[in-house]
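One structure is given below, encoded as structure tokens.
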Amino acid sequence: MPIPVILNPAARSTKAASLEQALRMLSPKPELHLTTGPNDAAIIAEKLAAEGHELVVAAGGDGTMNEVLQGICRANARREPGAKHTALGVLPLGTMNVFSVELKLPGRDIEGCWSRITAGQLSEVDLWMANDMYFAQLAGVGLDAQIVQETSWEAKRKYGPLSYVMSAVNVLMREPPALSVQIEGKAPLLGTVVLIGNGRHYGGPFPLFRDASNTDGLLDLIIFRGLGGLEFLQLLRGMLLDGYETSEYLDYVQTREFTVTSDRCAAPVELDGELADLTAPVVFRPAPFRLNVAV
């Protein structure tokens, strides 16, 4: 049975057409499914998983990956205990591709990634939920989610990773939300930005969550306390370049379950680098099963 690959054609660009052609030339030949709009990848992935495909591959950026993840996990959640789950494969063709960096896939080498995917080797990683949505790599509440929200697809296509910096300049000049992280048995941790890592990487190749592991059953949280936009930007830049250090400006904790609330009912949330259809309060917790990924 051919391995199904779900491709986001990236809004009809010439580059997308060449990517589609490159995928059709792969060996063994994949079964290609093209999306036509938002949430299409999740619907297609859920259908393929329900039909019994053992592996479904997301070809695109982190947004396509997370949509495919939602569909696969919805199908897996309906399976009987002990039943075989559909695994996720990733062909990183997007702007950041953070999850593929975590998996040590060979960048945008489509043939190299396809060889890895079709070799049949799977790894089991922790899977997490934010309310009723799934995520595999990272999440954020507050300013970083606002930056994701305000970075358009057109900007990402034109400027690549620089598009996020351009959005950040606008977002970080505004007053940030007041967030509260509530962990059972602890006093609430207050801040303006909450970054959440299941793996080490954030924003591409940067190992921001240096103590994180996607197999330890814990999420790593960085909570920036009481920072304005410019202070947050300077501190984040220092952490990305020089590494995390204990500071009066932030908390770093590891936990399995917590809730984030906000003084603003519309504080945005991002999952795997893409804006989620969620607003605080959000309960983060382990999914009832783990995720198999092609490596």
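Letters A, B, ... go to the chains of the structure tokens in the order shown; residues in each chain start at 1; ligands are counted from 1 in the same order.
The residues of stretch 178-227 of chain A that DSSP assigns to strand (DSSP E) on this backbone come out as Leu179, Ser180, Val181, Gln182, Leu189, Leu190, Gly191, Val193, Val194, Leu195, Ile196, Gly197, Leu219, Asp220, Leu221, Ile222, Ile223 and Phe224 of chain A.
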For stretch 167-204 of chain A versus stretch 58-75 of chain A, which residues have an atom no more than 12 Å away, and what is each residue's nearest atom pair and distance in Å rounded to one decimal, using only C-alpha atoms, chain-then-number order, as CSV?
residue,atom,partner,partner_atom,distance
A:Tyr202,CA,A:Asp62,CA,11.6
A:Gly203,CA,A:Asp62,CA,10.6
A:Gly204,CA,A:Asp62,CA,10.2
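The nearest approach to A:Val253 among the residues A:Glu102, A:Glu54, A:Glu111, A:Asp211, with only C-alpha atoms taken into account, belongs to A:Asp211.
Computed from the coordinates, the atom CA of A:Pro188 to atom CA of A:Val260 distance equals 9.6 Å.
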Residues at most 9 Å from stretch 82-92 of chain A, counting only C-alpha atoms, excluding those fewer than 6 positions away in the same chain, as a short mmCIF file (atom, residue, chain, number, x, y, z; two decimals) with C-alpha atoms, in the first residue's frame?
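Generated file (result.cif):
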data_model
loop_
_atom_site.label_atom_id
_atom_site.label_comp_id
_atom_site.auth_asym_id
_atom_site.auth_seq_id
_atom_site.Cartn_x
_atom_site.Cartn_y
_atom_site.Cartn_z
CA VAL A 5 1.51 12.19 1.85
CA ALA A 49 -5.88 6.89 9.64
CA ALA A 50 -9.43 5.57 10.11
CA GLY A 52 -6.13 1.73 8.46
CA HIS A 53 -3.03 3.42 7.05
CA GLU A 54 -0.13 2.69 9.39
CA LEU A 55 1.71 5.92 8.47
CA VAL A 56 0.50 9.33 7.26
CA VAL A 57 3.07 11.93 6.18
CA ALA A 58 2.75 15.71 6.47
CA ALA A 59 4.55 17.61 3.67
CA GLY A 60 4.79 21.29 4.55
CA GLY A 61 5.61 23.45 7.55
CA ASP A 62 4.77 23.12 11.21
CA MET A 65 2.34 18.97 10.54
CA VAL A 68 -2.10 16.20 10.23
CA LEU A 69 -1.31 15.43 13.87
CA ILE A 72 -4.18 11.16 13.17
CA CYS A 73 -4.70 11.57 16.90
CA ALA A 75 -8.52 8.56 14.77
CA ASN A 76 -6.07 6.96 17.22
CA VAL A 98 10.90 22.87 14.35
CA PHE A 99 9.59 19.33 14.88
CA SER A 100 11.74 17.96 12.06
CA VAL A 101 14.80 19.63 13.63
CA LEU A 105 15.64 14.86 9.87
CA PRO A 106 17.90 16.02 7.01
CA GLY A 107 16.51 19.52 6.50
CA ARG A 108 14.78 20.15 3.21
CA ASP A 109 16.42 17.18 1.55
CA ILE A 110 13.17 15.64 0.30
CA CYS A 113 13.77 12.48 4.40
CA TRP A 114 11.71 10.13 2.24
CA ILE A 117 10.43 7.70 6.37
CA LEU A 122 9.55 4.45 14.28
CA LEU A 291 2.82 9.33 19.36
CA ASN A 292 4.72 7.13 16.91
CA VAL A 293 6.84 9.10 14.44
CA ALA A 294 8.93 7.99 11.47
CA VAL A 295 12.59 8.75 12.06
#
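Remark: for A:Thr192, the closest of the candidate residues A:Ala276, A:Ile3, A:Ile223, A:Leu19 is A:Ile223 (distances computed over only C-alpha atoms).
With only C-alpha atoms as the basis for measurement, A:Pro9 is the residue among A:Pro9, A:Gly226, A:Pro207, A:Gly142 that approaches A:Thr36 most closely.
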A straight line from atom CA of A:Asp272 to atom CA of A:Leu219 spans 13.4 Å
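Nearest residue to A:Ala187, choosing from A:Glu274, A:Arg174, A:Phe258, A:Met1 and counting only C-alpha atoms: A:Phe258.
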Of A:Pro28, A:Pro205, A:Pro281, A:Gly140, the one nearest to A:Asp220 when counting only C-alpha atoms is A:Gly140
message = DSSP on the backbone, helix (DSSP H, G or I) only: what residues of stretch 101-292 of chain A does that give? Format it as a ChimeraX atom specification.
response = /A:101-102,110-118,143-149,153-159,162-171,229-242
Using only C-alpha atoms, the residue out of A:Ser18, A:Ser27, A:Ser213, A:Asn8 with shortest distance to A:Arg116 is A:Ser27
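Residues surrounding A:Ala280 within 6 Å are Thr261, Ser262, Ala267 and Val282 of chain A [only C-alpha atoms; sequence separation below 2 positions excluded].
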At most 10 Å is the cut-off: for each residue in stretch 41-150 of chain A with any atom that close to an atom of stretch 176-186 of chain A, write down the nearest atom pair and the distance in Å rounded to one decimal, counting only C-alpha atoms, chain first then increasing number, as JSON lines.
{"residue": "A:Val141", "atom": "CA", "partner": "A:Leu179", "partner_atom": "CA", "distance": 8.3}
{"residue": "A:Gly142", "atom": "CA", "partner": "A:Pro177", "partner_atom": "CA", "distance": 6.4}
{"residue": "A:Leu143", "atom": "CA", "partner": "A:Pro176", "partner_atom": "CA", "distance": 6.6}
{"residue": "A:Gln146", "atom": "CA", "partner": "A:Pro176", "partner_atom": "CA", "distance": 9.7}
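Relative to atom CA of A:Asn131, atom CA of A:Leu7 is found at 26.8 Å.
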